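**Q** This is start_2.cif (mmCIF, C-alpha atoms).
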data_my_file
#
loop_
_atom_site.group_PDB
_atom_site.id
_atom_site.type_symbol
_atom_site.label_atom_id
_atom_site.label_comp_id
_atom_site.auth_asym_id
_atom_site.auth_seq_id
_atom_site.Cartn_x
_atom_site.Cartn_y
_atom_site.Cartn_z
ATOM 1 C CA MET O 29 -13.640 -199.790 -51.217
ATOM 2 C CA ARG O 30 -15.752 -197.056 -52.811
ATOM 3 C CA ALA O 31 -16.617 -195.648 -49.379
ATOM 4 C CA ASN O 32 -12.959 -195.372 -48.455
ATOM 5 C CA ARG O 33 -12.224 -193.588 -51.681
ATOM 6 C CA ALA O 34 -15.082 -191.168 -51.135
ATOM 7 C CA ILE O 35 -13.886 -190.359 -47.622
ATOM 8 C CA TRP O 36 -10.395 -189.838 -48.943
ATOM 9 C CA LEU O 37 -11.623 -187.447 -51.620
ATOM 10 C CA VAL O 38 -13.621 -185.433 -49.049
ATOM 11 C CA VAL O 39 -10.597 -185.147 -46.723
ATOM 12 C CA MET O 40 -8.385 -184.057 -49.599
ATOM 13 C CA GLY O 41 -10.969 -181.488 -50.685
ATOM 14 C CA VAL O 42 -11.219 -180.005 -47.211
ATOM 15 C CA LEU O 43 -7.484 -179.782 -46.982
ATOM 16 C CA ALA O 44 -7.214 -178.219 -50.418
ATOM 17 C CA ALA O 45 -9.886 -175.646 -49.561
ATOM 18 C CA GLY O 46 -8.025 -174.587 -46.421
ATOM 19 C CA CYS O 47 -4.687 -174.393 -48.161
ATOM 20 C CA GLY O 48 -3.013 -171.058 -47.563
ATOM 21 C CA SER O 49 -4.982 -170.128 -44.457
ATOM 22 C CA ALA O 50 -2.975 -169.122 -41.432
ATOM 23 C CA SER O 51 -4.801 -171.431 -39.059
ATOM 24 C CA THR O 52 -4.107 -174.460 -41.218
ATOM 25 C CA GLU O 53 -0.451 -173.526 -41.588
ATOM 26 C CA MET O 54 -0.119 -172.926 -37.836
ATOM 27 C CA SER O 55 -1.726 -176.230 -36.933
ATOM 28 C CA LEU O 56 0.431 -178.043 -39.460
ATOM 29 C CA ALA O 57 3.567 -176.298 -38.181
ATOM 30 C CA ALA O 58 2.677 -177.036 -34.572
ATOM 31 C CA SER O 59 2.072 -180.692 -35.278
ATOM 32 C CA ALA O 60 5.239 -181.121 -37.331
ATOM 33 C CA THR O 61 8.190 -182.685 -35.557
ATOM 34 C CA PRO O 62 11.060 -180.280 -34.931
ATOM 35 C CA PRO O 63 14.190 -180.761 -36.967
ATOM 36 C CA PRO O 64 16.900 -182.794 -35.288
ATOM 37 C CA PRO O 65 19.548 -180.814 -33.411
ATOM 38 C CA PRO O 66 22.779 -180.178 -35.263
ATOM 39 C CA PRO O 67 25.524 -182.709 -34.604
ATOM 40 C CA PRO O 68 27.909 -181.743 -31.812
ATOM 41 C CA ALA O 69 31.109 -180.031 -32.817
ATOM 42 C CA PRO O 70 34.009 -182.441 -32.976
ATOM 43 C CA VAL O 71 35.932 -182.530 -29.717
ATOM 44 C CA GLN O 72 39.468 -181.283 -30.149
ATOM 45 C CA PRO O 73 41.974 -183.176 -28.044
ATOM 46 C CA ALA O 74 43.338 -181.023 -25.268
ATOM 47 C CA ALA O 75 46.884 -179.891 -25.700
ATOM 48 C CA PRO O 76 49.090 -181.685 -23.230
ATOM 49 C CA ALA O 77 49.845 -179.519 -20.239
ATOM 50 C CA GLU O 78 53.392 -178.209 -20.106
ATOM 51 C CA ALA O 79 53.426 -178.672 -16.314
ATOM 52 C CA VAL O 80 51.071 -180.269 -13.779
ATOM 53 C CA ILE O 81 51.051 -180.894 -10.054
ATOM 54 C CA GLU O 82 51.391 -184.592 -9.199
ATOM 55 C CA GLY O 83 51.655 -185.313 -5.505
ATOM 56 C CA ASP O 84 54.683 -183.526 -4.088
ATOM 57 C CA ARG O 85 56.075 -182.605 -7.516
ATOM 58 C CA ILE O 86 55.480 -180.413 -10.486
ATOM 59 C CA LYS O 87 55.865 -182.714 -13.487
ATOM 60 C CA ILE O 88 57.013 -181.093 -16.702
ATOM 61 C CA ALA O 89 56.130 -182.282 -20.201
ATOM 62 C CA ARG O 90 59.582 -181.722 -21.678
ATOM 63 C CA PRO O 91 63.070 -181.392 -20.253
ATOM 64 C CA ILE O 92 64.743 -178.077 -19.639
ATOM 65 C CA PHE O 93 67.460 -177.648 -22.255
ATOM 66 C CA TYR O 94 70.887 -176.046 -21.892
ATOM 67 C CA ASP O 95 73.883 -175.916 -24.203
ATOM 68 C CA LEU O 96 76.628 -178.439 -23.514
ATOM 69 C CA ASP O 97 78.376 -177.702 -20.217
ATOM 70 C CA LYS O 98 76.459 -174.397 -19.792
ATOM 71 C CA ASP O 99 73.819 -173.108 -17.404
ATOM 72 C CA GLU O 100 72.000 -170.778 -19.812
ATOM 73 C CA ILE O 101 68.437 -171.965 -20.435
ATOM 74 C CA ARG O 102 67.632 -172.456 -24.117
ATOM 75 C CA PRO O 103 64.533 -170.674 -25.524
ATOM 76 C CA GLU O 104 62.685 -173.909 -26.333
ATOM 77 C CA SER O 105 62.355 -174.456 -22.575
ATOM 78 C CA PHE O 106 60.721 -171.112 -21.822
ATOM 79 C CA SER O 107 57.122 -172.309 -22.307
ATOM 80 C CA VAL O 108 57.643 -175.188 -19.864
ATOM 81 C CA LEU O 109 59.140 -172.879 -17.252
ATOM 82 C CA ASP O 110 56.350 -170.345 -17.842
ATOM 83 C CA ALA O 111 53.853 -173.127 -17.053
ATOM 84 C CA VAL O 112 55.744 -173.928 -13.830
ATOM 85 C CA ALA O 113 55.721 -170.226 -12.917
ATOM 86 C CA ASN O 114 51.980 -170.070 -13.557
ATOM 87 C CA ILE O 115 51.372 -173.020 -11.235
ATOM 88 C CA LEU O 116 53.439 -171.402 -8.495
ATOM 89 C CA ARG O 117 51.695 -168.028 -8.867
ATOM 90 C CA THR O 118 48.185 -169.540 -8.832
ATOM 91 C CA HIS O 119 48.563 -172.125 -6.064
ATOM 92 C CA PRO O 120 49.023 -170.314 -2.761
ATOM 93 C CA GLU O 121 48.993 -173.657 -0.937
ATOM 94 C CA ILE O 122 52.502 -174.286 -2.311
ATOM 95 C CA THR O 123 54.752 -172.925 0.420
ATOM 96 C CA ALA O 124 58.196 -173.927 -0.904
ATOM 97 C CA LEU O 125 59.843 -175.265 -4.050
ATOM 98 C CA THR O 126 63.031 -177.253 -4.463
ATOM 99 C CA VAL O 127 64.501 -177.077 -7.957
ATOM 100 C CA GLU O 128 66.732 -180.147 -8.224
ATOM 101 C CA GLY O 129 69.523 -180.134 -10.802
ATOM 102 C CA HIS O 130 70.898 -183.399 -12.243
ATOM 103 C CA THR O 131 73.569 -184.167 -14.833
ATOM 104 C CA ASP O 132 74.769 -187.225 -16.689
ATOM 105 C CA ASN O 133 77.911 -189.122 -15.712
ATOM 106 C CA GLN O 134 80.294 -187.393 -18.110
ATOM 107 C CA GLY O 135 82.822 -185.209 -16.308
ATOM 108 C CA THR O 136 84.129 -185.243 -12.763
ATOM 109 C CA VAL O 137 81.867 -185.550 -9.746
ATOM 110 C CA GLU O 138 82.808 -182.070 -8.528
ATOM 111 C CA HIS O 139 82.249 -180.482 -11.951
ATOM 112 C CA ASN O 140 78.849 -182.151 -12.369
ATOM 113 C CA ILE O 141 77.650 -181.080 -8.933
ATOM 114 C CA LYS O 142 78.616 -177.454 -9.629
ATOM 115 C CA LEU O 143 77.059 -177.572 -13.117
ATOM 116 C CA SER O 144 73.803 -179.024 -11.787
ATOM 117 C CA GLU O 145 73.675 -176.324 -9.060
ATOM 118 C CA ARG O 146 74.256 -173.567 -11.637
ATOM 119 C CA ARG O 147 71.523 -174.982 -13.868
ATOM 120 C CA ALA O 148 69.045 -175.284 -10.989
ATOM 121 C CA ASN O 149 69.844 -171.705 -9.939
ATOM 122 C CA ALA O 150 69.274 -170.530 -13.524
ATOM 123 C CA VAL O 151 65.762 -172.009 -13.294
ATOM 124 C CA VAL O 152 65.158 -170.230 -9.967
ATOM 125 C CA ARG O 153 66.271 -166.913 -11.505
ATOM 126 C CA TYR O 154 63.954 -167.475 -14.477
ATOM 127 C CA LEU O 155 60.973 -168.195 -12.189
ATOM 128 C CA VAL O 156 61.698 -165.093 -10.061
ATOM 129 C CA GLN O 157 61.806 -162.997 -13.251
ATOM 130 C CA ARG O 158 58.339 -164.370 -14.052
ATOM 131 C CA GLY O 159 56.916 -163.139 -10.762
ATOM 132 C CA VAL O 160 57.246 -166.228 -8.570
ATOM 133 C CA THR O 161 57.595 -165.316 -4.891
ATOM 134 C CA THR O 162 57.497 -168.841 -3.469
ATOM 135 C CA PRO O 163 60.641 -169.564 -1.413
ATOM 136 C CA MET O 164 62.982 -171.741 -3.511
ATOM 137 C CA THR O 165 66.148 -173.755 -3.031
ATOM 138 C CA ALA O 166 68.312 -175.160 -5.819
ATOM 139 C CA PRO O 167 70.501 -178.115 -4.865
ATOM 140 C CA GLY O 168 72.633 -179.801 -7.491
ATOM 141 C CA TYR O 169 73.050 -183.554 -7.355
ATOM 142 C CA GLY O 170 75.368 -184.001 -10.321
ATOM 143 C CA ALA O 171 75.131 -187.583 -11.571
ATOM 144 C CA GLY O 172 74.329 -188.919 -8.084
ATOM 145 C CA ALA O 173 70.658 -189.772 -8.713
ATOM 146 C CA PRO O 174 70.395 -191.279 -12.195
ATOM 147 C CA LEU O 175 67.108 -192.442 -13.704
ATOM 148 C CA CYS O 176 68.888 -194.662 -16.222
ATOM 149 C CA PHE O 177 72.055 -196.735 -15.856
ATOM 150 C CA THR O 178 73.181 -197.706 -19.355
ATOM 151 C CA ASN O 179 76.042 -195.803 -20.950
ATOM 152 C CA ASP O 180 74.380 -194.549 -24.140
ATOM 153 C CA GLU O 181 73.270 -191.071 -25.201
ATOM 154 C CA GLY O 182 69.563 -191.768 -24.679
ATOM 155 C CA CYS O 183 70.188 -192.784 -21.098
ATOM 156 C CA ARG O 184 72.516 -189.867 -20.440
ATOM 157 C CA ALA O 185 69.878 -187.467 -21.833
ATOM 158 C CA MET O 186 67.305 -188.867 -19.371
ATOM 159 C CA ASN O 187 69.680 -188.228 -16.490
ATOM 160 C CA ARG O 188 70.252 -184.576 -17.463
ATOM 161 C CA ARG O 189 67.172 -183.058 -15.908
ATOM 162 C CA VAL O 190 65.565 -180.585 -13.543
ATOM 163 C CA GLU O 191 62.937 -181.797 -11.093
ATOM 164 C CA PHE O 192 60.518 -179.692 -9.056
ATOM 165 C CA ARG O 193 59.507 -180.758 -5.530
ATOM 166 C CA ILE O 194 56.849 -178.782 -3.732
ATOM 167 C CA LYS O 195 55.811 -178.360 -0.132
ATOM 168 C CA THR O 196 52.200 -177.503 0.608
ATOM 169 C CA ARG O 197 50.281 -176.373 3.652
#
Show me, as structure tokens, the structure contained in the file I just sent.

**A**
Amino acid sequence: MRANRAIWLVVMGVLAAGCGSASTEMSLAASATPPPPPPPAPVQPAAPAEAVIEGDRIKIARPIFYDLDKDEIRPESFSVLDAVANILRTHPEITALTVEGHTDNQGTVEHNIKLSERRANAVVRYLVQRGVTTPMTAPGYGAGAPLCFTNDEGCRAMNRRVEFRIKTR
């Protein structure tokens, strides 16, 4: 036990004598383990895309809104349509777009078909104003292709919509 203590005292003395010398500090720094890397920054969830290509369609995150019985696009729909315009401008493989207008079942068949055509054409005009040069058509289907068949406001709101079909090379 005394021998171990003596060795320990000698080692401590040598270390104490070299304290402050550059070579001792360098060798100690070189042998020290590096500090751990900082933790990764928290991943922010990506904002949902306003519009994406899915198969032969451009899917939009939110409906296009109009006032009751009107074809003027409401401002809260501009960002969605801007995203559609961006897709059309940046995807040259899209050779044609059909903007399909749909209404709910309130009103006459003739009125709803004309209203859905006017609304689809309003979308085409908006996209052209945003620099889209893709050839576009804008048929109106009125209430002829419903997504929902119950007679409540939630269902009618689902049926009032614009859909985007694309053709690619």

**Q** Quick one: everything within 8 Å of Arg102 of chain O, counting all atoms listed in the file, minus sequence neighbours fewer than 6 positions away in the same chain. Send it as a PyMOL selection string.

**A** chain O and resi 92-95

**Q** So, counting only C-alpha atoms, which residue among O:Met186, O:Val160, O:Ala111, O:Ala171 is closest to Ile81 of chain O?

**A** O:Ala111

**Q** Taking (54.3, -181.6, -5.4) in the file's coordinates as the center, which residues reach within 8 Å of it, counting all atoms listed in the file, put as a short mmCIF file (atom, residue, chain, number, x, y, z; two decimals) with C-alpha atoms, in the coordinates of the input?

**A**
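The resulting result-v9.cif:
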data_model
loop_
_atom_site.label_atom_id
_atom_site.label_comp_id
_atom_site.auth_asym_id
_atom_site.auth_seq_id
_atom_site.Cartn_x
_atom_site.Cartn_y
_atom_site.Cartn_z
CA ILE O 81 51.05 -180.89 -10.05
CA GLU O 82 51.39 -184.59 -9.20
CA GLY O 83 51.66 -185.31 -5.50
CA ASP O 84 54.68 -183.53 -4.09
CA ARG O 85 56.08 -182.60 -7.52
CA ILE O 86 55.48 -180.41 -10.49
CA PHE O 192 60.52 -179.69 -9.06
CA ARG O 193 59.51 -180.76 -5.53
CA ILE O 194 56.85 -178.78 -3.73
CA LYS O 195 55.81 -178.36 -0.13
CA THR O 196 52.20 -177.50 0.61
#

**Q** Provide the atom CA of Val151 of chain O to atom CA of Pro91 of chain O distance in Å, to one decimal place.

**A**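 Spanning atom CA of Val151 of chain O to atom CA of Pro91 of chain O is a straight-line distance of 12.0 Å.
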
**Q** Let me know the residues the PyMOL selection byres ((chain O and resi 124-128) around 9) catches in the file above, as a PyMOL selection string.

**A** chain O and resi 85+116+122-123+129-130+144-145+148-149+151-152+162-169+189-196

**Q** Restricting the output to C-alpha atoms, write the selected residues as a tab-separated table (two decimals), in the frame of the given file.

**A**
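Here's the written file selection30.tsv:
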chain	number	residue	atom	x	y	z
O	85	ARG	CA	56.08	-182.60	-7.52
O	116	LEU	CA	53.44	-171.40	-8.49
O	122	ILE	CA	52.50	-174.29	-2.31
O	123	THR	CA	54.75	-172.92	0.42
O	129	GLY	CA	69.52	-180.13	-10.80
O	130	HIS	CA	70.90	-183.40	-12.24
O	144	SER	CA	73.80	-179.02	-11.79
O	145	GLU	CA	73.68	-176.32	-9.06
O	148	ALA	CA	69.04	-175.28	-10.99
O	149	ASN	CA	69.84	-171.70	-9.94
O	151	VAL	CA	65.76	-172.01	-13.29
O	152	VAL	CA	65.16	-170.23	-9.97
O	162	THR	CA	57.50	-168.84	-3.47
O	163	PRO	CA	60.64	-169.56	-1.41
O	164	MET	CA	62.98	-171.74	-3.51
O	165	THR	CA	66.15	-173.76	-3.03
O	166	ALA	CA	68.31	-175.16	-5.82
O	167	PRO	CA	70.50	-178.12	-4.86
O	168	GLY	CA	72.63	-179.80	-7.49
O	169	TYR	CA	73.05	-183.55	-7.36
O	189	ARG	CA	67.17	-183.06	-15.91
O	190	VAL	CA	65.56	-180.58	-13.54
O	191	GLU	CA	62.94	-181.80	-11.09
O	192	PHE	CA	60.52	-179.69	-9.06
O	193	ARG	CA	59.51	-180.76	-5.53
O	194	ILE	CA	56.85	-178.78	-3.73
O	195	LYS	CA	55.81	-178.36	-0.13
O	196	THR	CA	52.20	-177.50	0.61

**Q** Compare O:Asn114, O:Ser107, O:Thr131, O:Thr161 by their minimum atom-to-atom distance to Arg146 of chain O, counting all atoms listed in the file, and give me the closest one.

**A**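 Of O:Asn114, O:Ser107, O:Thr131, O:Thr161, the one nearest Arg146 of chain O, counting all atoms listed in the file, is O:Thr131.
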